[in-house]
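*Asks:* Below is the file model-v1.tsv, with TSV, C-alpha atoms.
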chain	number	residue	atom	x	y	z
A	1	MET	CA	189.61	155.78	288.37
A	2	PRO	CA	189.86	159.48	287.43
A	3	ASP	CA	186.80	161.68	287.79
A	4	LEU	CA	186.04	164.53	285.42
A	5	HIS	CA	185.25	167.91	286.88
A	6	VAL	CA	184.64	170.83	284.51
A	7	SER	CA	183.30	174.32	285.08
A	8	LEU	CA	181.86	175.97	281.95
A	9	PRO	CA	180.31	179.31	281.05
A	10	ALA	CA	176.59	178.66	280.38
A	11	LYS	CA	176.80	178.74	276.55
A	12	LEU	CA	175.82	176.21	273.87
A	13	THR	CA	179.23	176.28	272.22
A	14	GLU	CA	180.81	174.84	275.39
A	15	VAL	CA	179.21	171.47	274.61
A	16	ARG	CA	181.88	170.85	272.01
A	17	ASN	CA	184.93	171.20	274.27
A	18	LEU	CA	183.22	169.15	276.92
A	19	SER	CA	182.65	166.22	274.57
A	20	ALA	CA	186.40	165.81	274.02
A	21	SER	CA	186.92	165.67	277.80
A	22	VAL	CA	184.16	163.07	278.10
A	23	GLU	CA	185.87	160.90	275.46
A	24	GLU	CA	189.08	161.04	277.56
A	25	PHE	CA	187.11	160.21	280.70
A	26	GLY	CA	185.61	157.22	278.86
A	27	ASP	CA	189.02	155.97	277.75
A	28	ALA	CA	190.56	156.38	281.22
A	29	ASN	CA	187.70	154.45	282.82
A	30	ARG	CA	187.42	151.87	280.02
A	31	LEU	CA	183.79	152.71	279.40
A	32	PRO	CA	182.02	151.02	276.47
A	33	GLN	CA	181.62	153.36	273.48
A	34	PRO	CA	177.79	153.32	273.59
A	35	THR	CA	177.97	154.54	277.21
A	36	VAL	CA	180.29	157.40	276.25
A	37	PHE	CA	177.85	158.32	273.48
A	38	ILE	CA	174.88	158.33	275.88
A	39	ILE	CA	176.76	160.52	278.39
A	40	ASN	CA	177.67	163.00	275.66
A	41	LEU	CA	174.06	162.97	274.47
A	42	ALA	CA	172.76	163.60	278.01
A	43	LEU	CA	175.21	166.48	278.50
A	44	ASP	CA	174.27	168.10	275.19
A	45	GLU	CA	170.55	167.88	276.07
A	46	LEU	CA	170.91	169.00	279.69
A	47	ILE	CA	173.19	171.94	278.93
A	48	THR	CA	170.93	173.01	276.05
A	49	ASN	CA	167.96	172.91	278.43
A	50	ALA	CA	169.72	174.86	281.15
A	51	VAL	CA	170.94	177.52	278.70
A	52	THR	CA	167.70	177.92	276.72
A	53	HIS	CA	165.07	177.39	279.47
A	54	GLY	CA	166.97	178.36	282.61
A	55	THR	CA	167.30	181.93	283.82
A	56	PHE	CA	170.66	183.19	284.94
A	57	ASN	CA	170.35	186.44	286.87
A	58	VAL	CA	173.99	186.33	287.88
A	59	PRO	CA	177.06	188.05	286.40
A	60	ASP	CA	178.85	184.73	285.81
A	61	PRO	CA	176.40	182.08	284.50
A	62	THR	CA	178.26	178.85	285.14
A	63	ILE	CA	177.58	175.14	284.76
A	64	ASP	CA	179.64	172.60	286.70
A	65	ILE	CA	179.86	169.04	285.42
A	66	HIS	CA	181.13	166.13	287.46
A	67	LEU	CA	181.46	162.60	286.07
A	68	LYS	CA	182.42	159.60	288.13
A	69	ALA	CA	182.60	155.91	287.15
A	70	GLU	CA	182.31	153.38	289.94
A	71	ARG	CA	181.15	149.74	290.03
A	72	ASN	CA	179.58	149.79	286.58
A	73	VAL	CA	177.69	153.01	287.23
A	74	VAL	CA	178.50	156.41	285.79
A	75	THR	CA	177.20	159.27	287.93
A	76	LEU	CA	176.70	162.54	286.09
A	77	THR	CA	176.16	165.57	288.29
A	78	MET	CA	175.34	168.95	286.80
A	79	GLU	CA	175.14	172.09	288.92
A	80	ASP	CA	174.42	175.63	287.83
A	81	ASN	CA	173.90	179.03	289.43
A	82	GLY	CA	170.72	179.89	287.53
A	83	SER	CA	167.25	180.37	288.99
A	84	PRO	CA	165.55	177.19	290.24
A	85	PHE	CA	164.69	174.97	287.28
A	86	ASP	CA	163.70	171.32	287.65
A	87	PRO	CA	164.04	169.38	284.38
A	88	THR	CA	162.60	166.24	286.02
A	89	ALA	CA	159.32	168.11	286.65
A	90	MET	CA	158.55	168.23	282.92
A	91	ASP	CA	155.94	165.62	282.15
A	92	ALA	CA	157.33	162.71	280.15
A	93	GLY	CA	153.84	162.14	278.75
A	94	ASP	CA	154.00	165.53	277.05
A	95	VAL	CA	156.63	164.34	274.59
A	96	ASP	CA	155.17	163.46	271.24
A	97	THR	CA	156.84	160.38	269.73
A	98	THR	CA	153.86	158.87	267.94
A	99	SER	CA	151.83	161.37	265.91
A	100	ALA	CA	152.02	161.64	262.13
A	101	LEU	CA	154.68	163.76	260.45
A	102	GLU	CA	152.35	166.71	259.84
A	103	GLU	CA	151.28	166.87	263.51
A	104	ARG	CA	154.59	165.91	265.11
A	105	ALA	CA	155.71	168.57	267.59
A	106	VAL	CA	159.13	170.09	267.05
A	107	GLY	CA	160.99	170.11	270.34
A	108	GLY	CA	160.71	168.64	273.82
A	109	LEU	CA	162.66	165.60	272.70
A	110	GLY	CA	165.92	166.27	274.54
A	111	LEU	CA	164.78	165.41	278.04
A	112	HIS	CA	162.88	162.42	276.71
A	113	LEU	CA	166.19	161.06	275.40
A	114	VAL	CA	168.00	161.75	278.68
A	115	ARG	CA	165.25	160.03	280.65
A	116	THR	CA	165.02	157.06	278.28
A	117	PHE	CA	168.71	156.22	278.41
A	118	ALA	CA	169.28	156.98	282.11
A	119	HIS	CA	168.79	154.51	284.94
A	120	ASP	CA	167.44	157.30	287.13
A	121	MET	CA	167.65	161.05	287.59
A	122	ALA	CA	167.09	163.33	290.58
A	123	TYR	CA	166.87	167.09	291.04
A	124	GLU	CA	167.43	169.31	294.07
A	125	PHE	CA	168.00	173.01	294.69
A	126	VAL	CA	170.74	173.36	297.30
A	127	ASP	CA	172.75	176.35	298.50
A	128	GLY	CA	171.21	178.50	295.77
A	129	ARG	CA	172.20	176.09	293.01
A	130	ASN	CA	170.40	173.65	290.72
A	131	ARG	CA	171.79	170.15	291.06
A	132	LEU	CA	170.79	167.31	288.76
A	133	THR	CA	172.13	163.79	289.26
A	134	VAL	CA	171.82	161.15	286.53
A	135	HIS	CA	172.96	157.53	286.78
A	136	HIS	CA	173.95	155.37	283.81
A	137	HIS	CA	174.56	151.66	284.32
A	138	PHE	CA	176.95	149.84	282.02
A	139	LYS	CA	178.63	146.46	281.62
A	140	SER	CA	182.39	146.59	281.72
A	141	GLU	CA	184.09	145.26	278.61
A	142	SER	CA	185.82	142.42	280.48
A	143	GLU	CA	182.50	140.88	281.59
B	144	MET	CA	179.72	177.09	265.02
B	145	ASN	CA	179.97	175.72	261.48
B	146	ILE	CA	179.43	172.19	260.24
B	147	GLU	CA	181.03	170.52	257.24
B	148	VAL	CA	178.34	169.09	254.95
B	149	ALA	CA	179.55	167.30	251.82
B	150	GLU	CA	177.13	167.38	248.88
B	151	GLU	CA	176.69	164.91	246.04
B	152	ARG	CA	174.08	164.35	243.34
B	153	GLU	CA	172.75	160.97	242.39
B	154	GLY	CA	169.62	159.84	240.57
B	155	GLY	CA	167.85	163.21	240.80
B	156	ALA	CA	168.50	163.43	244.55
B	157	LEU	CA	170.72	165.78	246.49
B	158	ILE	CA	172.79	163.77	248.97
B	159	LEU	CA	173.93	165.65	252.08
B	160	LEU	CA	176.70	164.14	254.20
B	161	PRO	CA	177.20	165.94	257.54
B	162	VAL	CA	180.67	165.26	258.91
B	163	GLY	CA	181.51	164.67	262.58
B	164	ARG	CA	179.14	165.98	265.23
B	165	LEU	CA	175.67	167.46	264.76
B	166	ASP	CA	174.90	168.94	268.17
B	167	SER	CA	173.50	172.01	269.88
B	168	ALA	CA	176.65	173.95	268.96
B	169	ASN	CA	176.20	173.66	265.17
B	170	ALA	CA	172.55	172.68	264.60
B	171	ARG	CA	171.65	176.25	263.55
B	172	ALA	CA	174.32	176.23	260.83
B	173	PHE	CA	173.05	172.85	259.63
B	174	GLU	CA	169.47	174.13	259.61
B	175	SER	CA	170.40	177.07	257.44
B	176	ILE	CA	172.21	174.84	254.89
B	177	VAL	CA	169.30	172.39	254.69
B	178	MET	CA	166.61	175.07	254.48
B	179	ASP	CA	168.52	176.90	251.74
B	180	HIS	CA	168.41	173.74	249.61
B	181	ILE	CA	164.69	173.25	250.24
B	182	GLY	CA	164.12	176.94	249.50
B	183	ASN	CA	165.94	176.40	246.18
B	184	ASP	CA	163.31	173.81	245.32
B	185	GLU	CA	165.26	170.64	245.99
B	186	ARG	CA	162.52	167.98	246.13
B	187	LYS	CA	164.49	164.87	246.96
B	188	LEU	CA	166.94	165.01	249.85
B	189	ILE	CA	168.96	162.12	251.17
B	190	PHE	CA	170.96	162.47	254.38
B	191	ASP	CA	173.85	160.04	254.31
B	192	PHE	CA	175.08	159.67	257.92
B	193	GLY	CA	178.11	157.56	257.02
B	194	ARG	CA	180.44	160.28	258.31
B	195	LEU	CA	178.31	161.38	261.27
B	196	SER	CA	179.58	160.31	264.71
B	197	PHE	CA	177.14	162.10	267.00
B	198	ILE	CA	173.67	163.65	266.92
B	199	SER	CA	171.53	165.23	269.64
B	200	SER	CA	167.91	166.41	269.59
B	201	SER	CA	169.06	169.81	268.27
B	202	GLY	CA	170.18	168.10	265.06
B	203	MET	CA	167.16	165.81	264.90
B	204	ARG	CA	164.90	168.85	265.11
B	205	VAL	CA	166.35	170.10	261.81
B	206	LEU	CA	165.56	166.77	260.12
B	207	LEU	CA	161.98	166.89	261.42
B	208	ILE	CA	161.49	170.44	260.10
B	209	ALA	CA	163.00	169.41	256.74
B	210	ALA	CA	160.73	166.35	256.54
B	211	LYS	CA	157.66	168.51	257.23
B	212	ARG	CA	158.65	171.09	254.62
B	213	LEU	CA	159.43	168.47	251.97
B	214	SER	CA	156.24	166.58	252.67
B	215	ALA	CA	154.22	169.80	252.24
B	216	ASN	CA	156.00	170.38	248.87
B	217	GLU	CA	155.42	166.82	247.67
B	218	GLY	CA	159.11	166.15	248.08
B	219	THR	CA	160.84	163.17	249.68
B	220	ILE	CA	163.43	162.69	252.40
B	221	ALA	CA	165.36	159.60	253.43
B	222	LEU	CA	168.22	158.86	255.82
B	223	CYS	CA	170.86	156.19	255.36
B	224	ASN	CA	174.14	154.71	256.61
B	225	MET	CA	173.50	155.43	260.28
B	226	GLN	CA	175.70	154.02	262.99
B	227	ASP	CA	173.77	151.75	265.39
B	228	HIS	CA	173.86	154.15	268.35
B	229	ILE	CA	172.45	156.95	266.20
B	230	GLU	CA	169.69	154.72	264.82
B	231	GLU	CA	168.75	153.81	268.40
B	232	VAL	CA	168.21	157.51	269.21
B	233	PHE	CA	165.95	157.89	266.15
B	234	ARG	CA	164.01	154.79	267.20
B	235	VAL	CA	163.33	155.87	270.81
B	236	SER	CA	162.26	159.27	269.47
B	237	GLY	CA	159.74	157.64	267.16
B	238	PHE	CA	161.41	159.32	264.17
B	239	ASP	CA	161.77	155.96	262.41
B	240	GLN	CA	157.96	155.98	262.06
B	241	ILE	CA	157.83	159.27	260.14
B	242	ILE	CA	161.16	159.54	258.28
B	243	PRO	CA	162.35	156.65	256.07
B	244	ILE	CA	165.64	155.17	257.33
B	245	ARG	CA	167.52	152.79	255.03
B	246	ASP	CA	170.71	150.78	255.39
B	247	SER	CA	172.27	151.91	252.13
B	248	ARG	CA	172.24	154.93	249.87
B	249	LYS	CA	170.92	152.73	247.07
B	250	ALA	CA	167.88	151.81	249.18
B	251	ALA	CA	167.42	155.46	250.20
B	252	LEU	CA	167.33	156.47	246.51
B	253	GLU	CA	164.42	154.08	246.01
B	254	VAL	CA	162.24	155.88	248.58
B	255	SER	CA	159.48	157.70	246.76
So that I can check it, write out the structure of this file as structure tokens.
*Replies:*
Amino acid sequence: MPDLHVSLPAKLTEVRNLSASVEEFGDANRLPQPTVFIINLALDELITNAVTHGTFNVPDPTIDIHLKAERNVVTLTMEDNGSPFDPTAMDAGDVDTTSALEERAVGGLGLHLVRTFAHDMAYEFVDGRNRLTVHHHFKSESE
Amino acid sequence: MNIEVAEEREGGALILLPVGRLDSANARAFESIVMDHIGNDERKLIFDFGRLSFISSSGMRVLLIAAKRLSANEGTIALCNMQDHIEEVFRVSGFDQIIPIRDSRKAALEVS
């Protein structure tokens, strides 16, 4: 099963090219369409977070994405060379999904979506790089 | 990055049909189109998602801002024709509790 490994400049517009590669990865690994959608959603949210909340004090801000499908689990690994930033440390309870329209907070929703649809996620800072690992479980279409 | 948004009028409402992906790359362009219409005193906006394949929180943020603005102006907003995976994202975000979501455009036109 082919993995996907992409290195991107840390910019929002890169999300678009990446999504086409993720579709190809999904086809090659026979992933169900809802799983491909969730992976693309997670990547959009995580890259947006890294670009807008992360700090890149380096001349070449770069995000590396690795996707691997194995035994009904997709493993998404995102690494970047920005300053330490742990998206899992944000408090899930801070996300407002219940208040009335007038009081509803704008923002903070992205990580809530990633967390809700993921099986688990883990963060570490290794060798001067942020590394986030997210697992998505799926049922193969032949089951 | 731009986004194609088809526009139609029906029953006093302006129907907006975003095409393709509404993501972090083009949410700003979408926001400016939607806010221009609200600024031009459109009071009844329907977002028909029949041609939308993908949305992320960047796009949903625009709908929330539009709903707040319309509500403050005594206007109405409704969404319709969503694919199941998109509706699921609106549900887990709790947006289905604050923005009317209907199966068809006809039902969306009846939201008052």
*Asks:* Specify as a list in words all residues of chain B found within 6 Å of chain A, counting all atoms listed in the file.
*Replies:*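 Contact residues on the first chain: Ala168, Ser199, Ser200, Ser236, Gly237 and Ile241 of chain B.
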*Asks:* May I have the residues within 9 Å of Leu165 (chain B) as an NGL selection string, using only C-alpha atoms and disregarding those fewer than 2 positions away in the same chain?
*Replies:* :B and (146 or 161-163 or 167-170 or 173 or 195-199 or 201-203)
*Asks:* Just want the 7 Å neighbourhood of Thr133 (chain A), counted on only C-alpha atoms, with same-chain residues fewer than 5 positions away dropped. Output as a list in words.
*Replies:*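 With the cut-off at 7 Å, the set is Thr75, Leu76, Thr77, Met78, Met121, Ala122 and Tyr123 of chain A.
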*Asks:* When you draw a straight line from CA of Glu79 (chain A) to CA of Val205 (chain B), how long is it in Å?
*Replies:*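 Taking CA of Glu79 (chain A) and CA of Val205 (chain B), their separation equals 28.6 Å.
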*Asks:* Mind giving me the straight-line distance from CA of Val58 (chain A) to CA of Arg171 (chain B) in Å, one decimal?
*Replies:*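 So the two atoms, CA of Val58 (chain A) and CA of Arg171 (chain B), lie 26.4 Å apart.
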*Asks:* List as a ChimeraX atom specification the residues having at least one atom at most 9 Å from position (173.8, 152.3, 286.8) as given in the file, counting all atoms listed in the file.
*Replies:* /A:71-75,118-120,135-138
*Asks:* When distances are computed from all atoms listed in the file, which of B:Ser255, B:Met225, B:Val235, B:Ile244 shows the smallest separation from Arg186 (chain B)?
*Replies:*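 Ranked by minimum distance to Arg186 (chain B), first place goes to B:Ser255.
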*Asks:* Just the number, please: distance in Å from CA of Asp246 (chain B) to CA of Asn216 (chain B), one decimal.
*Replies:*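 Computing it gives 25.4 Å between the two atoms.
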*Asks:* Which is closer to Glu147 (chain B) than all the others in B:Ala172, B:Leu222, B:Leu188, B:Ile229, using all atoms listed in the file?
*Replies:*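 Using all atoms listed in the file, the shortest distance to Glu147 (chain B) belongs to B:Ala172.
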*Asks:* So, counting all atoms listed in the file, which residue among B:Val148, B:Leu159, B:Ala221, B:Val177 is closest to Lys249 (chain B)?
*Replies:*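 Comparing B:Val148, B:Leu159, B:Ala221, B:Val177 against Lys249 (chain B), the winner is B:Ala221.
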*Asks:* Excluding Met178 (chain B) and its own-chain neighbours fewer than 2 positions away, which residues fall within 12 Å of it when counting all atoms listed in the file? Please give them as a list of chain:residue names.
*Replies:* B:Ala170, B:Arg171, B:Ala172, B:Phe173, B:Glu174, B:Ser175, B:Ile176, B:His180, B:Ile181, B:Gly182, B:Asn183, B:Asp184, B:Glu185, B:Arg186, B:Leu188, B:Val205, B:Leu206, B:Leu207, B:Ile208, B:Ala209, B:Ala210, B:Lys211, B:Arg212, B:Leu213
*Asks:* Given the choices A:Asn81, A:Ser140, A:Asn17, A:Asn29, which gets closest to Leu67 (chain A) if the distance is worked out from all atoms listed in the file?
*Replies:* A:Asn29
*Asks:* Which one is closest to Glu253 (chain B): B:Glu153, B:Phe233, B:Glu217, B:Arg194? Count only C-alpha atoms.
*Replies:*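 Comparing B:Glu153, B:Phe233, B:Glu217, B:Arg194 against Glu253 (chain B), the winner is B:Glu153.
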